[in-house]
Amino acid sequence: MRLFVAILIAGLACGCAAKVPDYPTVGKPTKKPNCPDYSDTLPGFYGGDGSSEDQAVEMVGLEYSSYRWIEERYPGAEVTFQELVISPTTKRRFDVMTFRTTDGQVIKAWFWISGGIGCR
């Protein structure tokens with residue numbers, strides 16, 4: 001009976017081991033979930049439409065920011081709230097921006113915060 005319990009506990013422990021899932025990126029994936037290698041990637045906006053974590057915008061290059069993305073797609077929009085969200089499953093960091101368009105529409109957009117000092 002003890003052997004059965006020991007095998008059961010060992011099997012559960014192995015099955016519960018957390019693995020950081022793969023993440024889509026225009027850069028080359030690395031072992032760090034927020035640190036793709038952008039050495040062969042041109043600056044710009046990549047990824048989804050910003051409507052959710054799964055559709056987050058990936059920004060490459062210092063001149064490509066969430067504020068620029070909003071201004072280019074929604075000229076005259078006003079950012080009303082900004083928050084940092086860390087995904088519990090992927091450990092990816094997101095800048096989530098809430099803004100109001102000139103016609104009064106309130107939109108929330110997700111931007112993946114990748115790279116930076118933490119990648120060194």
# chains A, B, ... in the order shown; residues from 1 in each chain; ligands from 1
call {"tool": "residues_around", "arguments": {"residues": "stretch 88-99 of chain A", "least_positions_apart": "3", "cutoff": "6 Å", "atoms": "only C-alpha atoms", "output": "number ranges by chain"}}
result
A: 20-21, 34, 78-85, 106-113
call {"tool": "write_last_selection", "arguments": {"atoms": "C-alpha atoms", "output": "mmCIF file, in the first residue's frame"}}
result
data_model
loop_
_atom_site.group_PDB
_atom_site.id
_atom_site.type_symbol
_atom_site.label_atom_id
_atom_site.label_comp_id
_atom_site.auth_asym_id
_atom_site.auth_seq_id
_atom_site.Cartn_x
_atom_site.Cartn_y
_atom_site.Cartn_z
ATOM 1 C CA VAL A 20 6.521 28.101 -19.155
ATOM 2 C CA PRO A 21 4.563 27.819 -22.398
ATOM 3 C CA ASN A 34 10.074 38.318 -22.009
ATOM 4 C CA GLU A 78 -6.700 60.369 -24.969
ATOM 5 C CA VAL A 79 -5.127 57.727 -22.721
ATOM 6 C CA THR A 80 -7.185 57.531 -19.526
ATOM 7 C CA PHE A 81 -5.572 54.582 -17.722
ATOM 8 C CA GLN A 82 -2.410 52.502 -17.950
ATOM 9 C CA GLU A 83 -1.709 49.298 -16.037
ATOM 10 C CA LEU A 84 0.933 46.587 -15.877
ATOM 11 C CA VAL A 85 -0.427 43.036 -16.146
ATOM 12 C CA VAL A 106 -13.534 53.655 -24.764
ATOM 13 C CA ILE A 107 -10.994 51.054 -25.905
ATOM 14 C CA LYS A 108 -8.533 48.859 -24.004
ATOM 15 C CA ALA A 109 -5.391 47.772 -25.888
ATOM 16 C CA TRP A 110 -2.762 45.191 -24.851
ATOM 17 C CA PHE A 111 0.956 45.673 -25.578
ATOM 18 C CA TRP A 112 3.579 43.060 -24.845
ATOM 19 C CA ILE A 113 6.505 44.519 -22.891
#
call {"tool": "residues_around", "arguments": {"residues": "A:Cys35", "least_positions_apart": "4", "cutoff": "6 Å", "atoms": "only C-alpha atoms", "output": "list in words"}}
result
Ser114, Gly115 and Cys119 of chain A
call {"tool": "residues_around", "arguments": {"residues": "A:Lys28", "least_positions_apart": "4", "cutoff": "10 Å", "atoms": "only C-alpha atoms", "output": "PyMOL selection string"}}
result
chain A and resi 24+35-41
call {"tool": "select_by_dssp", "arguments": {"residues": "stretch 15-102 of chain A", "states": "strand (DSSP E or B)", "output": "number ranges by chain"}}
result
A: 28, 37, 44-47, 57-60, 78-86, 93-100
call {"tool": "closest_residue", "arguments": {"among": "A:Ser87, A:Thr25, A:Thr30, A:Ser65", "to": "A:Glu53", "atoms": "only C-alpha atoms"}}
result
A:Ser87
call {"tool": "closest_residue", "arguments": {"among": "A:Tyr74, A:Asp103, A:Arg120, A:Trp69", "to": "A:Ala56", "atoms": "only C-alpha atoms"}}
result
A:Trp69
call {"tool": "closest_residue", "arguments": {"among": "A:Ile86, A:Gly104, A:Ile70, A:Val26", "to": "A:Gly47", "atoms": "only C-alpha atoms"}}
result
A:Val26
call {"tool": "residues_around", "arguments": {"residues": "A:Arg68", "least_positions_apart": "3", "cutoff": "12 Å", "atoms": "only C-alpha atoms", "output": "PyMOL selection string"}}
result
chain A and resi 44-45+57+59+61-65+71-79+97+111
call {"tool": "atom_distance", "arguments": {"atom1": "atom CA of A:Gly116", "atom2": "atom CA of A:Gly50"}}
result
20.5 Å
call {"tool": "decode", "arguments": {"residues": "stretch 68-103 of chain A", "atoms": "N, CA and C atoms", "output": "short mmCIF file (atom, residue, chain, number, x, y, z; two decimals), in the first residue's frame"}}
result
data_model
loop_
_atom_site.label_atom_id
_atom_site.label_comp_id
_atom_site.auth_asym_id
_atom_site.auth_seq_id
_atom_site.Cartn_x
_atom_site.Cartn_y
_atom_site.Cartn_z
N ARG A 68 2.47 55.69 -29.51
CA ARG A 68 2.54 55.90 -30.96
C ARG A 68 1.50 55.03 -31.68
N TRP A 69 1.37 53.78 -31.25
CA TRP A 69 0.39 52.87 -31.87
C TRP A 69 -1.01 53.46 -31.75
N ILE A 70 -1.36 53.95 -30.55
CA ILE A 70 -2.68 54.54 -30.34
C ILE A 70 -2.86 55.77 -31.22
N GLU A 71 -1.87 56.65 -31.26
CA GLU A 71 -1.98 57.88 -32.05
C GLU A 71 -2.11 57.58 -33.54
N GLU A 72 -1.39 56.57 -34.03
CA GLU A 72 -1.47 56.23 -35.45
C GLU A 72 -2.81 55.63 -35.84
N ARG A 73 -3.41 54.86 -34.95
CA ARG A 73 -4.67 54.19 -35.27
C ARG A 73 -5.91 54.96 -34.83
N TYR A 74 -5.76 55.78 -33.81
CA TYR A 74 -6.88 56.55 -33.27
C TYR A 74 -6.42 58.00 -33.03
N PRO A 75 -6.19 58.76 -34.09
CA PRO A 75 -5.68 60.13 -33.93
C PRO A 75 -6.56 60.94 -32.98
N GLY A 76 -5.90 61.62 -32.07
CA GLY A 76 -6.61 62.47 -31.11
C GLY A 76 -7.12 61.75 -29.88
N ALA A 77 -6.93 60.43 -29.80
CA ALA A 77 -7.40 59.68 -28.64
C ALA A 77 -6.64 60.11 -27.38
N GLU A 78 -7.30 59.98 -26.25
CA GLU A 78 -6.70 60.37 -24.97
C GLU A 78 -6.58 59.14 -24.08
N VAL A 79 -5.35 58.85 -23.63
CA VAL A 79 -5.13 57.73 -22.72
C VAL A 79 -5.69 58.11 -21.36
N THR A 80 -6.55 57.25 -20.81
CA THR A 80 -7.18 57.53 -19.53
C THR A 80 -6.67 56.64 -18.41
N PHE A 81 -6.07 55.49 -18.76
CA PHE A 81 -5.57 54.58 -17.72
C PHE A 81 -4.51 53.68 -18.33
N GLN A 82 -3.49 53.39 -17.52
CA GLN A 82 -2.41 52.50 -17.95
C GLN A 82 -2.11 51.57 -16.80
N GLU A 83 -2.00 50.26 -17.09
CA GLU A 83 -1.71 49.30 -16.04
C GLU A 83 -0.72 48.24 -16.53
N LEU A 84 0.02 47.69 -15.59
CA LEU A 84 0.93 46.59 -15.88
C LEU A 84 0.24 45.30 -15.48
N VAL A 85 0.18 44.34 -16.41
CA VAL A 85 -0.43 43.04 -16.15
C VAL A 85 0.63 41.98 -16.43
N ILE A 86 0.83 41.07 -15.48
CA ILE A 86 1.75 39.95 -15.67
C ILE A 86 0.92 38.68 -15.76
N SER A 87 1.02 37.99 -16.88
CA SER A 87 0.25 36.77 -17.09
C SER A 87 0.72 35.68 -16.13
N PRO A 88 -0.20 35.08 -15.38
CA PRO A 88 0.21 34.01 -14.45
C PRO A 88 0.66 32.74 -15.16
N THR A 89 0.24 32.54 -16.40
CA THR A 89 0.63 31.31 -17.11
C THR A 89 1.90 31.47 -17.93
N THR A 90 2.04 32.58 -18.65
CA THR A 90 3.21 32.74 -19.52
C THR A 90 4.30 33.60 -18.90
N LYS A 91 3.97 34.32 -17.84
CA LYS A 91 4.90 35.26 -17.17
C LYS A 91 5.25 36.44 -18.06
N ARG A 92 4.51 36.62 -19.15
CA ARG A 92 4.73 37.77 -20.03
C ARG A 92 4.16 39.01 -19.37
N ARG A 93 4.82 40.14 -19.60
CA ARG A 93 4.39 41.43 -19.06
C ARG A 93 3.66 42.20 -20.15
N PHE A 94 2.56 42.81 -19.76
CA PHE A 94 1.76 43.59 -20.71
C PHE A 94 1.49 44.98 -20.16
N ASP A 95 1.55 45.94 -21.04
CA ASP A 95 1.12 47.29 -20.77
C ASP A 95 -0.29 47.36 -21.33
N VAL A 96 -1.28 47.56 -20.48
CA VAL A 96 -2.66 47.61 -20.94
C VAL A 96 -3.11 49.07 -20.85
N MET A 97 -3.43 49.62 -22.00
CA MET A 97 -3.79 51.04 -22.09
C MET A 97 -5.29 51.18 -22.37
N THR A 98 -5.95 51.99 -21.56
CA THR A 98 -7.35 52.33 -21.81
C THR A 98 -7.37 53.75 -22.33
N PHE A 99 -8.10 53.97 -23.42
CA PHE A 99 -8.14 55.31 -24.01
C PHE A 99 -9.51 55.61 -24.57
N ARG A 100 -9.78 56.89 -24.73
CA ARG A 100 -11.05 57.36 -25.27
C ARG A 100 -10.78 57.99 -26.63
N THR A 101 -11.52 57.54 -27.64
CA THR A 101 -11.36 58.08 -28.99
C THR A 101 -12.09 59.42 -29.10
N THR A 102 -11.86 60.11 -30.19
CA THR A 102 -12.49 61.42 -30.37
C THR A 102 -14.01 61.33 -30.48
N ASP A 103 -14.52 60.15 -30.84
CA ASP A 103 -15.98 60.01 -30.90
C ASP A 103 -16.56 59.43 -29.60
#
